[in-house]
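Trainee: Here you go, this is query-v3.tsv (TSV, C-alpha atoms).
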```tsv
chain	number	residue	atom	x	y	z
I	1	MET	CA	0.00	0.00	0.00
I	2	ASP	CA	1.28	3.40	-0.97
I	3	ALA	CA	1.89	6.01	1.76
I	4	THR	CA	-0.51	8.49	0.14
I	5	VAL	CA	-3.33	5.91	0.08
I	6	ALA	CA	-2.73	5.11	3.76
I	7	ALA	CA	-2.74	8.83	4.59
I	8	LEU	CA	-5.99	9.25	2.64
I	9	LEU	CA	-7.64	6.36	4.51
I	10	ILE	CA	-6.51	7.68	7.89
I	11	SER	CA	-7.75	11.20	7.10
I	12	ALA	CA	-11.11	9.85	5.84
I	13	LEU	CA	-11.49	7.77	9.02
I	14	SER	CA	-10.60	10.85	11.09
I	15	LEU	CA	-13.23	12.89	9.26
I	16	VAL	CA	-15.93	10.26	9.92
I	17	LEU	CA	-14.92	10.03	13.58
I	18	ALA	CA	-15.00	13.84	13.92
I	19	GLY	CA	-18.51	13.92	12.37
I	20	LEU	CA	-19.74	11.26	14.79
I	21	SER	CA	-18.22	13.13	17.71
I	22	LEU	CA	-19.91	16.36	16.64
I	23	GLY	CA	-23.26	14.58	16.30
I	24	TRP	CA	-22.86	13.08	19.77
I	25	GLN	CA	-22.04	16.48	21.28
I	26	VAL	CA	-25.10	18.06	19.65
I	27	ALA	CA	-27.32	15.22	20.91
I	28	GLN	CA	-25.93	15.61	24.44
I	29	TRP	CA	-26.54	19.36	24.34
I	30	LEU	CA	-30.14	18.89	23.17
I	31	LEU	CA	-30.87	16.24	25.81
I	32	ALA	CA	-29.14	18.06	28.68
I	33	GLY	CA	-31.90	20.61	29.34
I	34	GLY	CA	-35.41	20.23	30.68
I	35	ARG	CA	-38.02	18.83	28.29
I	36	PRO	CA	-41.48	19.58	29.70
I	37	ARG	CA	-44.61	18.04	28.19
I	38	ALA	CA	-48.19	19.01	29.02
I	39	THR	CA	-51.33	16.87	29.26
I	40	LEU	CA	-54.93	18.04	29.71
I	41	ILE	CA	-56.73	16.45	32.68
I	42	HIS	CA	-60.45	16.35	33.62
I	43	GLY	CA	-62.06	15.04	36.79
I	44	LEU	CA	-63.37	15.71	40.31
I	45	VAL	CA	-61.75	17.12	43.45
I	46	ASP	CA	-63.36	15.70	46.60
I	47	GLY	CA	-61.75	16.88	49.84
I	48	ASN	CA	-58.09	15.84	49.71
I	49	SER	CA	-58.49	13.50	46.73
I	50	VAL	CA	-58.54	14.04	42.98
I	51	TYR	CA	-60.30	11.59	40.66
I	52	SER	CA	-59.09	12.45	37.18
I	53	GLY	CA	-57.93	11.18	33.83
I	54	ARG	CA	-56.41	12.35	30.59
I	55	VAL	CA	-58.75	14.04	28.11
I	56	LYS	CA	-59.08	12.11	24.85
I	57	GLU	CA	-60.69	13.36	21.63
I	58	GLY	CA	-62.05	16.50	23.29
I	59	VAL	CA	-64.72	14.65	25.24
I	60	PRO	CA	-65.01	15.22	29.01
I	61	HIS	CA	-65.11	12.16	31.25
I	62	ASP	CA	-68.51	10.88	32.33
I	63	LEU	CA	-68.41	11.64	36.05
I	64	SER	CA	-71.87	10.24	36.81
I	65	SER	CA	-70.47	6.87	37.92
I	66	LEU	CA	-68.20	8.62	40.42
I	67	ARG	CA	-71.13	10.64	41.72
I	68	ARG	CA	-73.21	7.46	42.15
I	69	GLN	CA	-70.41	6.11	44.35
I	70	GLY	CA	-70.75	9.10	46.66
I	71	ILE	CA	-67.92	11.21	45.29
I	72	ILE	CA	-69.54	14.64	45.11
I	73	GLY	CA	-66.67	16.99	44.55
I	74	THR	CA	-65.93	19.95	42.35
I	75	GLN	CA	-65.49	19.30	38.64
I	76	VAL	CA	-62.05	20.48	37.51
I	77	VAL	CA	-59.88	20.82	34.42
I	78	GLY	CA	-56.14	20.57	34.86
I	79	ILE	CA	-52.72	20.53	33.27
I	80	ARG	CA	-50.16	17.88	34.13
I	81	VAL	CA	-46.60	18.93	33.31
I	82	THR	CA	-43.99	16.17	33.08
I	83	ASN	CA	-40.27	16.90	32.85
I	84	HIS	CA	-38.68	14.34	30.51
I	85	GLY	CA	-35.34	16.14	30.49
I	86	ARG	CA	-32.21	16.05	32.61
I	87	ALA	CA	-32.43	19.52	34.14
I	88	PRO	CA	-35.08	21.13	36.37
I	89	VAL	CA	-37.80	23.25	34.76
I	90	SER	CA	-39.40	26.26	36.41
I	91	ILE	CA	-43.18	26.62	35.95
I	92	SER	CA	-44.15	30.26	36.53
I	93	SER	CA	-47.89	30.21	35.70
I	94	VAL	CA	-50.70	28.20	34.14
I	95	ALA	CA	-53.60	29.49	32.04
I	96	VAL	CA	-56.74	28.31	30.26
I	97	HIS	CA	-57.18	29.38	26.63
I	98	THR	CA	-60.11	29.17	24.25
I	99	ARG	CA	-59.60	27.24	21.04
I	100	GLY	CA	-60.90	29.54	18.34
I	101	GLY	CA	-61.01	32.56	20.64
I	102	ALA	CA	-58.79	35.18	22.22
I	103	LEU	CA	-59.85	35.17	25.88
I	104	THR	CA	-57.55	33.66	28.51
I	105	LEU	CA	-58.23	32.65	32.11
I	106	ASN	CA	-55.28	33.20	34.45
I	107	PRO	CA	-56.37	31.71	37.78
I	108	LEU	CA	-54.98	33.62	40.74
I	109	GLY	CA	-56.62	32.41	43.92
I	110	GLY	CA	-58.66	29.48	42.67
I	111	LEU	CA	-55.77	27.37	41.41
I	112	ILE	CA	-55.61	23.90	42.97
I	113	GLY	CA	-52.07	22.52	43.16
I	114	PRO	CA	-48.61	23.55	44.29
I	115	SER	CA	-47.89	27.25	44.60
I	116	LEU	CA	-46.27	28.96	41.64
I	117	PRO	CA	-43.51	29.43	40.63
I	118	TYR	CA	-42.68	25.74	40.96
I	119	GLN	CA	-39.38	23.94	40.30
I	120	LEU	CA	-40.13	20.68	38.44
I	121	LEU	CA	-37.28	18.21	38.89
I	122	PRO	CA	-36.16	15.80	36.13
I	123	GLY	CA	-38.34	12.72	35.78
I	124	THR	CA	-41.21	14.16	37.83
I	125	ASN	CA	-44.64	15.61	37.09
I	126	GLU	CA	-47.08	17.92	38.79
I	127	THR	CA	-50.68	18.90	38.12
I	128	TRP	CA	-52.60	22.16	38.56
I	129	TYR	CA	-56.41	22.28	38.46
I	130	VAL	CA	-58.97	25.01	37.71
I	131	ASP	CA	-62.66	24.86	38.64
I	132	ALA	CA	-64.69	23.76	35.60
I	133	VAL	CA	-67.31	26.44	36.35
I	134	ASP	CA	-64.69	29.13	35.69
I	135	VAL	CA	-63.67	27.34	32.48
I	136	ALA	CA	-67.31	27.22	31.31
I	137	LYS	CA	-67.65	30.95	32.09
I	138	LEU	CA	-64.55	31.63	29.99
I	139	ALA	CA	-65.97	29.77	26.98
I	140	SER	CA	-69.44	31.33	27.24
I	141	SER	CA	-68.02	34.85	27.72
I	142	SER	CA	-65.84	34.40	24.68
I	143	ARG	CA	-68.84	33.31	22.62
I	144	GLU	CA	-71.39	35.84	23.88
I	145	VAL	CA	-69.31	38.95	24.54
I	146	LEU	CA	-66.71	38.72	21.78
I	147	ASN	CA	-68.80	36.68	19.30
I	148	GLU	CA	-65.97	34.19	18.87
I	149	ASN	CA	-66.34	30.69	17.48
I	150	VAL	CA	-65.00	28.79	20.49
I	151	GLN	CA	-64.61	25.06	19.80
I	152	GLY	CA	-63.05	24.15	23.13
I	153	ILE	CA	-60.40	24.95	25.69
I	154	TYR	CA	-56.78	23.96	26.26
I	155	MET	CA	-54.24	24.86	28.93
I	156	THR	CA	-50.73	26.25	28.89
I	157	ALA	CA	-47.87	26.41	31.36
I	158	ALA	CA	-45.46	29.35	31.21
I	159	LEU	CA	-41.86	28.36	31.88
I	160	GLY	CA	-39.21	30.39	33.63
I	161	THR	CA	-37.33	30.68	30.31
I	162	GLY	CA	-40.15	32.74	28.81
I	163	LYS	CA	-41.38	29.87	26.66
I	164	SER	CA	-44.79	28.30	27.05
I	165	ILE	CA	-45.99	24.73	26.55
I	166	LYS	CA	-49.57	23.84	25.69
I	167	THR	CA	-51.65	20.73	25.95
I	168	PRO	CA	-52.05	19.04	22.57
I	169	GLU	CA	-55.50	17.89	23.69
I	170	PHE	CA	-58.50	20.19	24.01
I	171	LEU	CA	-61.80	19.88	25.83
I	172	ARG	CA	-65.01	20.80	24.03
I	173	ALA	CA	-66.72	23.59	25.91
```
Show me the file's structure as structure tokens.

Mentor:
Amino acid sequence: MDATVAALLISALSLVLAGLSLGWQVAQWLLAGGRPRATLIHGLVDGNSVYSGRVKEGVPHDLSSLRRQGIIGTQVVGIRVTNHGRAPVSISSVAVHTRGGALTLNPLGGLIGPSLPYQLLPGTNETWYVDAVDVAKLASSSREVLNENVQGIYMTAALGTGKSIKTPEFLRA
């Protein structure tokens, strides 16, 4: 084998190795931060207990079976934020938005859950709930006062970085 061919093979191998190293460094940088995800929740709060589940296809859960079992709490809508990343995430506020409208509900005193701002550690989740009566008032006010075509509601969580995450699901209201 000629010395120039060997040098070419070594330099090509070095170039491939450098590209793999750069890709690995970029992947590590992307995965090193917090990666919050939001889920829309619907259910009942009864005393110190919450009976809830994830909203699917925009349809609220049928709570009549819970009520027949003697669970007569307050109907709530909530946002569960899960941190899938490796760094903590700061949640500064949560809000309810109308889908197809402009009004927003920023609960101040009626928020059920940990106080805000909240530091969400890696691999953990937390949920904040809003009374469903307030959510219904938001949707009806948006329709009647602003004449908006509201199809439902969704929730967002504002992060300490200035970004906001929203629930991909919505609840018909």

Trainee: Counting only C-alpha atoms, which of I:Tyr154, I:Trp29, I:Tyr118, I:Tyr51 gets nearest to Ala95 of chain I?

Mentor: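 Result for the nearest residue to Ala95 of chain I: I:Tyr154.
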
Trainee: At a cut-off of 6 Å, using only C-alpha atoms, what residues contact segment 129-132 of chain I? Leave out same-chain residues fewer than 5 positions from it and give the result as a list in words.

Mentor: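 What passes the distance filter is Gln75, Val76, Val77, Gly78, Leu111 and Ile112 of chain I.
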
Trainee: Go ahead and write the selection's residues with C-alpha atoms as a short mmCIF file (atom, residue, chain, number, x, y, z; two decimals), in the frame of the given file.

Mentor:
```cif
data_model
loop_
_atom_site.label_atom_id
_atom_site.label_comp_id
_atom_site.auth_asym_id
_atom_site.auth_seq_id
_atom_site.Cartn_x
_atom_site.Cartn_y
_atom_site.Cartn_z
CA GLN I 75 -65.49 19.30 38.64
CA VAL I 76 -62.05 20.48 37.51
CA VAL I 77 -59.88 20.82 34.42
CA GLY I 78 -56.14 20.57 34.86
CA LEU I 111 -55.77 27.37 41.41
CA ILE I 112 -55.61 23.90 42.97
#
```

Trainee: Take every atom of segment 38-53 of chain I listed in the file, pad by 4 Å on each side, and give me the axis-aligned box centre and edge lengths in Å, one decimal, as JSON.

Mentor:
```
{"center_x": -55.8, "center_y": 15.1, "center_z": 39.4, "size_x": 23.2, "size_y": 15.8, "size_z": 28.8}
```

Trainee: Identify which of the residues I:Ala102, I:Leu44, I:Val55, I:Ala157 lies closest to Val145 of chain I, counting all atoms listed in the file when measuring atom-to-atom distances.

Mentor: I:Ala102

Trainee: For atom CA of Ser90 of chain I and atom CA of Val50 of chain I, quote the distance in Å rounded to one decimal.

Mentor: 23.6 Å

Trainee: Neighbours of Pro60 of chain I within 10 Å (only C-alpha atoms; same-chain residues fewer than 4 positions away dropped), as number ranges by chain?

Mentor: I: 41-43, 53-56, 77, 170-173

Trainee: Leaving out Thr156 of chain I and any residue of its chain fewer than 4 positions from it, which residues lie within 6 Å of it when counting all atoms listed in the file, given as an mmCIF file with C-alpha atoms, in the frame of the given file?

Mentor:
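Now in selection.cif:
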```cif
data_model
loop_
_atom_site.group_PDB
_atom_site.id
_atom_site.type_symbol
_atom_site.label_atom_id
_atom_site.label_comp_id
_atom_site.auth_asym_id
_atom_site.auth_seq_id
_atom_site.Cartn_x
_atom_site.Cartn_y
_atom_site.Cartn_z
ATOM 1 C CA VAL I 94 -50.700 28.200 34.140
ATOM 2 C CA ALA I 95 -53.600 29.490 32.040
ATOM 3 C CA ILE I 165 -45.990 24.730 26.550
ATOM 4 C CA LYS I 166 -49.570 23.840 25.690
#
```

Trainee: With a distance cut-off of 6 Å and all atoms listed in the file, select the neighbouring residues of segment 86-88 of chain I, excluding the residue or stretch itself and same-chain residues fewer than 4 positions from it, and output the selection as a list in words.

Mentor: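 The neighbour list is Ala32, Gly33, Gly34, Leu120, Leu121 and Pro122 of chain I.
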
Trainee: So how many Å separate atom CA of Gly110 of chain I and atom CA of Thr39 of chain I, to one decimal?

Mentor: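 The value is 19.8 Å.
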
Trainee: Report, in Å with one decimal, the straight-line distance from atom CA of Pro36 of chain I to atom CA of His61 of chain I.

Mentor: 24.8 Å

Trainee: Because the input lacks atoms here, generate N, CA and C atoms for segment 146-164 of chain I and report them as a compact mmCIF listing (two decimals), in the frame of the given file.

Mentor:
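So the final result, stored in rebuild_25.txt, reads:
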```
# COMPACT_ATOMS: atom_id res chain seq x y z
N LEU I 146 -67.59 38.42 22.91
CA LEU I 146 -66.71 38.72 21.78
C LEU I 146 -67.16 38.09 20.47
N ASN I 147 -68.27 37.35 20.50
CA ASN I 147 -68.80 36.68 19.30
C ASN I 147 -67.76 35.80 18.62
N GLU I 148 -67.00 35.06 19.42
CA GLU I 148 -65.97 34.19 18.87
C GLU I 148 -66.52 32.78 18.70
N ASN I 149 -65.94 32.07 17.76
CA ASN I 149 -66.34 30.69 17.48
C ASN I 149 -65.46 29.75 18.31
N VAL I 150 -65.80 29.60 19.58
CA VAL I 150 -65.00 28.79 20.49
C VAL I 150 -65.38 27.32 20.31
N GLN I 151 -64.37 26.49 19.98
CA GLN I 151 -64.61 25.06 19.80
C GLN I 151 -64.24 24.27 21.04
N GLY I 152 -63.46 24.86 21.93
CA GLY I 152 -63.05 24.15 23.13
C GLY I 152 -62.03 24.96 23.90
N ILE I 153 -61.42 24.30 24.89
CA ILE I 153 -60.40 24.95 25.69
C ILE I 153 -59.16 24.04 25.77
N TYR I 154 -58.02 24.67 25.99
CA TYR I 154 -56.78 23.96 26.26
C TYR I 154 -56.04 24.75 27.32
N MET I 155 -54.99 24.18 27.88
CA MET I 155 -54.24 24.86 28.93
C MET I 155 -52.79 25.01 28.53
N THR I 156 -52.15 26.03 29.11
CA THR I 156 -50.73 26.25 28.89
C THR I 156 -50.03 26.42 30.23
N ALA I 157 -48.73 26.16 30.20
CA ALA I 157 -47.87 26.41 31.36
C ALA I 157 -46.73 27.29 30.89
N ALA I 158 -46.55 28.44 31.54
CA ALA I 158 -45.46 29.35 31.21
C ALA I 158 -44.22 28.91 31.98
N LEU I 159 -43.11 28.79 31.27
CA LEU I 159 -41.86 28.36 31.88
C LEU I 159 -41.04 29.56 32.30
N GLY I 160 -40.09 29.33 33.16
CA GLY I 160 -39.21 30.39 33.63
C GLY I 160 -38.32 30.95 32.53
N THR I 161 -38.16 30.23 31.42
CA THR I 161 -37.33 30.68 30.31
C THR I 161 -38.06 31.66 29.41
N GLY I 162 -39.35 31.87 29.66
CA GLY I 162 -40.15 32.74 28.81
C GLY I 162 -40.94 31.97 27.77
N LYS I 163 -40.63 30.70 27.59
CA LYS I 163 -41.38 29.87 26.66
C LYS I 163 -42.65 29.36 27.34
N SER I 164 -43.54 28.83 26.54
CA SER I 164 -44.79 28.30 27.05
C SER I 164 -45.06 26.96 26.37
```
